[in-house]
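data-v4.cif, holding mmCIF, C-alpha atoms:
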```cif
data_entry
#
loop_
_atom_site.group_PDB
_atom_site.id
_atom_site.type_symbol
_atom_site.label_atom_id
_atom_site.label_comp_id
_atom_site.auth_asym_id
_atom_site.auth_seq_id
_atom_site.Cartn_x
_atom_site.Cartn_y
_atom_site.Cartn_z
ATOM 1 C CA MET H 1 18.857 25.905 18.563
ATOM 2 C CA SER H 2 18.353 29.538 17.608
ATOM 3 C CA ASN H 3 19.156 28.836 13.942
ATOM 4 C CA LEU H 4 16.957 25.756 13.876
ATOM 5 C CA LYS H 5 14.530 25.588 10.960
ATOM 6 C CA ILE H 6 11.807 22.964 10.933
ATOM 7 C CA THR H 7 9.235 22.662 8.177
ATOM 8 C CA MET H 8 6.378 20.223 8.476
ATOM 9 C CA TYR H 9 3.807 19.462 5.818
ATOM 10 C CA ALA H 10 0.737 18.615 7.855
ATOM 11 C CA SER H 11 -3.030 18.521 8.142
ATOM 12 C CA LYS H 12 -5.142 19.788 11.023
ATOM 13 C CA ILE H 13 -6.869 16.420 11.434
ATOM 14 C CA CYS H 14 -3.736 14.244 11.331
ATOM 15 C CA PRO H 15 -2.963 12.415 14.596
ATOM 16 C CA TYR H 16 0.585 11.620 13.414
ATOM 17 C CA CYS H 17 1.195 15.336 12.846
ATOM 18 C CA ASN H 18 0.114 16.011 16.418
ATOM 19 C CA MET H 19 2.372 13.215 17.696
ATOM 20 C CA ALA H 20 5.315 14.679 15.758
ATOM 21 C CA LEU H 21 4.636 18.111 17.247
ATOM 22 C CA ALA H 22 4.399 16.576 20.733
ATOM 23 C CA LEU H 23 7.752 14.822 20.282
ATOM 24 C CA LEU H 24 9.408 18.032 19.086
ATOM 25 C CA LYS H 25 7.875 19.937 22.008
ATOM 26 C CA LYS H 26 9.224 17.285 24.392
ATOM 27 C CA LYS H 27 12.661 17.934 22.859
ATOM 28 C CA GLY H 28 12.356 21.617 23.833
ATOM 29 C CA ILE H 29 11.276 22.982 20.460
ATOM 30 C CA ASP H 30 8.829 25.888 20.472
ATOM 31 C CA ILE H 31 6.228 24.326 18.198
ATOM 32 C CA HIS H 32 4.882 27.775 17.286
ATOM 33 C CA LEU H 33 8.150 28.426 15.438
ATOM 34 C CA ILE H 34 7.757 25.375 13.215
ATOM 35 C CA ASN H 35 6.809 26.272 9.667
ATOM 36 C CA LYS H 36 3.630 24.199 9.340
ATOM 37 C CA ILE H 37 2.326 23.927 5.805
ATOM 38 C CA LEU H 38 -1.275 22.771 6.093
ATOM 39 C CA ILE H 39 -1.990 20.957 2.860
ATOM 40 C CA ASN H 40 -5.692 20.706 3.664
ATOM 41 C CA GLU H 41 -5.837 24.531 3.654
ATOM 42 C CA GLN H 42 -3.384 24.947 0.759
ATOM 43 C CA PRO H 43 -3.969 21.905 -1.475
ATOM 44 C CA GLU H 44 -1.726 23.313 -4.201
ATOM 45 C CA LEU H 45 1.215 22.749 -1.842
ATOM 46 C CA ARG H 46 0.449 19.026 -1.644
ATOM 47 C CA GLU H 47 2.002 18.642 -5.119
ATOM 48 C CA LYS H 48 5.120 20.478 -3.910
ATOM 49 C CA MET H 49 5.322 18.097 -0.928
ATOM 50 C CA ILE H 50 5.001 15.048 -3.195
ATOM 51 C CA GLU H 51 7.653 16.465 -5.529
ATOM 52 C CA LEU H 52 10.062 17.044 -2.602
ATOM 53 C CA THR H 53 9.470 13.800 -0.731
ATOM 54 C CA GLY H 54 7.874 11.288 -3.074
ATOM 55 C CA LYS H 55 5.249 10.761 -0.329
ATOM 56 C CA LYS H 56 1.536 11.555 -0.285
ATOM 57 C CA THR H 57 0.938 11.282 3.469
ATOM 58 C CA VAL H 58 1.535 13.745 6.281
ATOM 59 C CA PRO H 59 3.464 14.687 8.229
ATOM 60 C CA GLN H 60 6.550 15.180 6.104
ATOM 61 C CA ILE H 61 9.283 16.826 8.146
ATOM 62 C CA PHE H 62 12.429 18.750 7.251
ATOM 63 C CA ILE H 63 14.975 19.831 9.874
ATOM 64 C CA ASN H 64 17.534 22.418 8.734
ATOM 65 C CA GLY H 65 16.829 21.444 5.138
ATOM 66 C CA VAL H 66 17.366 17.727 5.796
ATOM 67 C CA TYR H 67 14.412 15.541 4.886
ATOM 68 C CA VAL H 68 13.562 13.428 7.938
ATOM 69 C CA GLY H 69 10.379 11.744 6.715
ATOM 70 C CA GLY H 70 7.188 11.219 8.664
ATOM 71 C CA TYR H 71 6.387 10.687 12.321
ATOM 72 C CA ASP H 72 7.690 7.107 12.389
ATOM 73 C CA ASP H 73 11.009 8.308 10.973
ATOM 74 C CA LEU H 74 11.193 11.129 13.530
ATOM 75 C CA GLN H 75 10.481 8.676 16.352
ATOM 76 C CA ALA H 76 13.080 6.252 14.976
ATOM 77 C CA LEU H 77 15.700 9.028 15.088
ATOM 78 C CA GLU H 78 14.743 9.654 18.711
ATOM 79 C CA ASN H 79 14.933 5.933 19.551
ATOM 80 C CA GLU H 80 18.390 5.715 17.943
ATOM 81 C CA GLY H 81 19.627 8.780 19.855
ATOM 82 C CA LYS H 82 20.142 10.737 16.629
ATOM 83 C CA LEU H 83 17.369 13.342 16.888
ATOM 84 C CA ASP H 84 19.217 15.562 19.383
ATOM 85 C CA GLU H 85 22.201 15.742 17.039
ATOM 86 C CA LEU H 86 19.982 16.787 14.145
ATOM 87 C CA LEU H 87 18.177 19.387 16.250
ATOM 88 C CA ASN H 88 21.388 20.894 17.585
ATOM 89 C CA ARG H 89 23.163 21.112 14.240
ATOM 90 C CA GLU H 90 23.746 24.632 13.036
#
```
Transcribe the structure of this file into C-alpha cells.
Amino acid sequence: MSNLKITMYASKICPYCNMALALLKKKGIDIHLINKILINEQPELREKMIELTGKKTVPQIFINGVYVGGYDDLQALENEGKLDELLNRE
C-alpha cells in the first residue's frame, strides 16, 4: 500500500466524509496520508470536483486515480469484497 494515493473531496462538517475516513482507517489506511480537499475552505475547488465527478455532494473519493464515488459507493465496494483489491493495486 506504499504507493497508494487517495484523494477525497470533503467538508469538515460532513458525516459521510467522516464515515468514509473511518472505513478507510478500518482497512488499515493511515487517514493522515489521504489528500483531503476541503471544499468548504477552498470553494474554488468545488467547481473542479463537479467537473471531475459530475457530483455536487461530498465526499467524492479517488483511489489511485480511479473515481470511486461517495461514501455509499465506497461501502458498496467493501460489501462486494472489491475494496481490498482496489486498495492493494499498485
- So which residues get picked by the PyMOL selection byres ((chain H and resi 12) around 9) here, written as a list in words?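 With the shown file as input, the PyMOL selection byres ((chain H and resi 12) around 9) matches Ala10, Ser11, Ile13, Cys14, Pro15, Cys17, Asn18, Leu38, Ile39, Asn40 and Glu41 of chain H.
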- Message: If I take CA of Glu44 (chain H) and CA of Pro59 (chain H), how far is one from the other in Å, to one decimal?
- Response: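 CA of Pro59 (chain H) lies at a distance of 16.0 Å from CA of Glu44 (chain H).
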- Message: Given the point (9.7, 6.6, 6.7) in the coordinates of this file, which residues lie within 12 Å, counting all atoms listed in the file, and how would they look as number ranges by chain?
- Response: H: 53-61, 67-77
- Task: Tell me, in Å to one decimal, how far CA of Tyr9 (chain H) is from CA of Lys36 (chain H).
- Result: 5.9 Å
- So which one's closest to Ile63 (chain H), H:Lys27, H:His32, H:Lys82, H:Lys5? Using all atoms listed in the file, please.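 Closest residue, counting all atoms listed in the file: H:Lys5.
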What box, with edges along x, y and z, holds each listed atom of region 31-42 of chain H when 8 Å is added on every side, and can you state its centre and edge lengths in Å to one decimal, as JSON?
```
{"center_x": 1.2, "center_y": 24.6, "center_z": 9.5, "size_x": 30.0, "size_y": 23.7, "size_z": 33.4}
```
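Minimum distance to Asn88 (chain H) across H:Met49, H:Leu23, H:Gly28, H:Thr7 (counting all atoms listed in the file) occurs at H:Gly28.
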- Item | Nearest residue to Asn3 (chain H) from the set H:Phe62, H:Glu47, H:Leu87, H:Leu21 (distances using all atoms listed in the file) | H:Leu87
- Task: Could you tell me how far CA of Ile34 (chain H) lies from CA of Ile6 (chain H), in Å and to one decimal?
- Result: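 Answer for the CA of Ile34 (chain H) to CA of Ile6 (chain H) separation: 5.2 Å.
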- Given only C-alpha atoms as the counted atoms, nearest of H:Met8, H:Glu78, H:Leu83, H:Val66 to Asn35 (chain H):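 With only C-alpha atoms as the atom set, the closest residue is H:Met8.
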- Query: Nearest to Leu86 (chain H): which of H:Ile50, H:Lys26, H:Ala20, H:Gly65 is it, counting all atoms listed in the file?
  - Reply: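 Nearest candidate to Leu86 (chain H) out of H:Ile50, H:Lys26, H:Ala20, H:Gly65: H:Gly65.
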Since the input lacks atoms, please generate N, CA and C atoms for region 58-90 of chain H and provide them as a PDB file, keeping the file's coordinate frame.
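Okay, part.pdb is ready:
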```pdb
ATOM      1  N   VAL H  58       0.955  12.786   5.344  1.00  0.00           N
ATOM      2  CA  VAL H  58       1.535  13.745   6.281  1.00  0.00           C
ATOM      3  C   VAL H  58       1.656  13.075   7.652  1.00  0.00           C
ATOM      4  N   PRO H  59       2.573  13.553   8.461  1.00  0.00           N
ATOM      5  CA  PRO H  59       3.464  14.687   8.229  1.00  0.00           C
ATOM      6  C   PRO H  59       4.672  14.296   7.377  1.00  0.00           C
ATOM      7  N   GLN H  60       5.247  15.291   6.759  1.00  0.00           N
ATOM      8  CA  GLN H  60       6.550  15.180   6.104  1.00  0.00           C
ATOM      9  C   GLN H  60       7.392  16.293   6.711  1.00  0.00           C
ATOM     10  N   ILE H  61       8.525  15.924   7.287  1.00  0.00           N
ATOM     11  CA  ILE H  61       9.283  16.826   8.146  1.00  0.00           C
ATOM     12  C   ILE H  61      10.677  17.066   7.583  1.00  0.00           C
ATOM     13  N   PHE H  62      11.082  18.325   7.619  1.00  0.00           N
ATOM     14  CA  PHE H  62      12.429  18.750   7.251  1.00  0.00           C
ATOM     15  C   PHE H  62      13.033  19.481   8.441  1.00  0.00           C
ATOM     16  N   ILE H  63      14.260  19.139   8.800  1.00  0.00           N
ATOM     17  CA  ILE H  63      14.975  19.831   9.874  1.00  0.00           C
ATOM     18  C   ILE H  63      16.256  20.399   9.275  1.00  0.00           C
ATOM     19  N   ASN H  64      16.372  21.726   9.320  1.00  0.00           N
ATOM     20  CA  ASN H  64      17.534  22.418   8.734  1.00  0.00           C
ATOM     21  C   ASN H  64      17.787  21.963   7.303  1.00  0.00           C
ATOM     22  N   GLY H  65      16.719  21.807   6.546  1.00  0.00           N
ATOM     23  CA  GLY H  65      16.829  21.444   5.138  1.00  0.00           C
ATOM     24  C   GLY H  65      17.025  19.963   4.881  1.00  0.00           C
ATOM     25  N   VAL H  66      17.179  19.171   5.939  1.00  0.00           N
ATOM     26  CA  VAL H  66      17.366  17.727   5.796  1.00  0.00           C
ATOM     27  C   VAL H  66      16.003  17.054   5.883  1.00  0.00           C
ATOM     28  N   TYR H  67      15.682  16.261   4.877  1.00  0.00           N
ATOM     29  CA  TYR H  67      14.412  15.541   4.886  1.00  0.00           C
ATOM     30  C   TYR H  67      14.491  14.401   5.886  1.00  0.00           C
ATOM     31  N   VAL H  68      13.608  14.446   6.881  1.00  0.00           N
ATOM     32  CA  VAL H  68      13.562  13.428   7.938  1.00  0.00           C
ATOM     33  C   VAL H  68      12.587  12.323   7.574  1.00  0.00           C
ATOM     34  N   GLY H  69      11.439  12.697   7.021  1.00  0.00           N
ATOM     35  CA  GLY H  69      10.379  11.744   6.715  1.00  0.00           C
ATOM     36  C   GLY H  69       9.148  12.072   7.527  1.00  0.00           C
ATOM     37  N   GLY H  70       8.411  11.034   7.897  1.00  0.00           N
ATOM     38  CA  GLY H  70       7.188  11.219   8.664  1.00  0.00           C
ATOM     39  C   GLY H  70       7.402  11.008  10.153  1.00  0.00           C
ATOM     40  N   TYR H  71       6.301  10.859  10.872  1.00  0.00           N
ATOM     41  CA  TYR H  71       6.387  10.687  12.321  1.00  0.00           C
ATOM     42  C   TYR H  71       7.193   9.453  12.699  1.00  0.00           C
ATOM     43  N   ASP H  72       6.955   8.331  12.042  1.00  0.00           N
ATOM     44  CA  ASP H  72       7.690   7.107  12.389  1.00  0.00           C
ATOM     45  C   ASP H  72       9.197   7.299  12.230  1.00  0.00           C
ATOM     46  N   ASP H  73       9.585   8.037  11.203  1.00  0.00           N
ATOM     47  CA  ASP H  73      11.009   8.308  10.973  1.00  0.00           C
ATOM     48  C   ASP H  73      11.571   9.218  12.064  1.00  0.00           C
ATOM     49  N   LEU H  74      10.783  10.220  12.454  1.00  0.00           N
ATOM     50  CA  LEU H  74      11.193  11.129  13.530  1.00  0.00           C
ATOM     51  C   LEU H  74      11.361  10.355  14.831  1.00  0.00           C
ATOM     52  N   GLN H  75      10.414   9.487  15.137  1.00  0.00           N
ATOM     53  CA  GLN H  75      10.481   8.676  16.352  1.00  0.00           C
ATOM     54  C   GLN H  75      11.661   7.703  16.297  1.00  0.00           C
ATOM     55  N   ALA H  76      11.934   7.157  15.125  1.00  0.00           N
ATOM     56  CA  ALA H  76      13.080   6.252  14.976  1.00  0.00           C
ATOM     57  C   ALA H  76      14.389   6.991  15.263  1.00  0.00           C
ATOM     58  N   LEU H  77      14.508   8.228  14.776  1.00  0.00           N
ATOM     59  CA  LEU H  77      15.700   9.028  15.088  1.00  0.00           C
ATOM     60  C   LEU H  77      15.839   9.222  16.592  1.00  0.00           C
ATOM     61  N   GLU H  78      14.732   9.490  17.255  1.00  0.00           N
ATOM     62  CA  GLU H  78      14.743   9.654  18.711  1.00  0.00           C
ATOM     63  C   GLU H  78      15.168   8.353  19.387  1.00  0.00           C
ATOM     64  N   ASN H  79      14.607   7.238  18.954  1.00  0.00           N
ATOM     65  CA  ASN H  79      14.933   5.933  19.551  1.00  0.00           C
ATOM     66  C   ASN H  79      16.405   5.570  19.363  1.00  0.00           C
ATOM     67  N   GLU H  80      16.989   6.015  18.246  1.00  0.00           N
ATOM     68  CA  GLU H  80      18.390   5.715  17.943  1.00  0.00           C
ATOM     69  C   GLU H  80      19.347   6.729  18.573  1.00  0.00           C
ATOM     70  N   GLY H  81      18.790   7.754  19.243  1.00  0.00           N
ATOM     71  CA  GLY H  81      19.627   8.780  19.855  1.00  0.00           C
ATOM     72  C   GLY H  81      20.205   9.774  18.866  1.00  0.00           C
ATOM     73  N   LYS H  82      19.614   9.866  17.678  1.00  0.00           N
ATOM     74  CA  LYS H  82      20.142  10.737  16.629  1.00  0.00           C
ATOM     75  C   LYS H  82      19.364  12.045  16.469  1.00  0.00           C
ATOM     76  N   LEU H  83      18.195  12.146  17.075  1.00  0.00           N
ATOM     77  CA  LEU H  83      17.369  13.342  16.888  1.00  0.00           C
ATOM     78  C   LEU H  83      18.014  14.562  17.528  1.00  0.00           C
ATOM     79  N   ASP H  84      18.582  14.417  18.721  1.00  0.00           N
ATOM     80  CA  ASP H  84      19.217  15.562  19.383  1.00  0.00           C
ATOM     81  C   ASP H  84      20.327  16.149  18.519  1.00  0.00           C
ATOM     82  N   GLU H  85      21.113  15.277  17.908  1.00  0.00           N
ATOM     83  CA  GLU H  85      22.201  15.742  17.039  1.00  0.00           C
ATOM     84  C   GLU H  85      21.643  16.548  15.875  1.00  0.00           C
ATOM     85  N   LEU H  86      20.582  16.077  15.280  1.00  0.00           N
ATOM     86  CA  LEU H  86      19.982  16.787  14.145  1.00  0.00           C
ATOM     87  C   LEU H  86      19.399  18.124  14.594  1.00  0.00           C
ATOM     88  N   LEU H  87      18.780  18.151  15.759  1.00  0.00           N
ATOM     89  CA  LEU H  87      18.177  19.387  16.250  1.00  0.00           C
ATOM     90  C   LEU H  87      19.205  20.417  16.688  1.00  0.00           C
ATOM     91  N   ASN H  88      20.353  19.967  17.099  1.00  0.00           N
ATOM     92  CA  ASN H  88      21.388  20.894  17.585  1.00  0.00           C
ATOM     93  C   ASN H  88      22.359  21.337  16.507  1.00  0.00           C
ATOM     94  N   ARG H  89      22.256  20.755  15.329  1.00  0.00           N
ATOM     95  CA  ARG H  89      23.163  21.112  14.240  1.00  0.00           C
ATOM     96  C   ARG H  89      22.884  22.514  13.764  1.00  0.00           C
ATOM     97  N   GLU H  90      23.931  23.264  13.521  1.00  0.00           N
ATOM     98  CA  GLU H  90      23.746  24.632  13.036  1.00  0.00           C
ATOM     99  C   GLU H  90      24.254  24.791  11.619  1.00  0.00           C
TER     100      GLU H  90
END
```
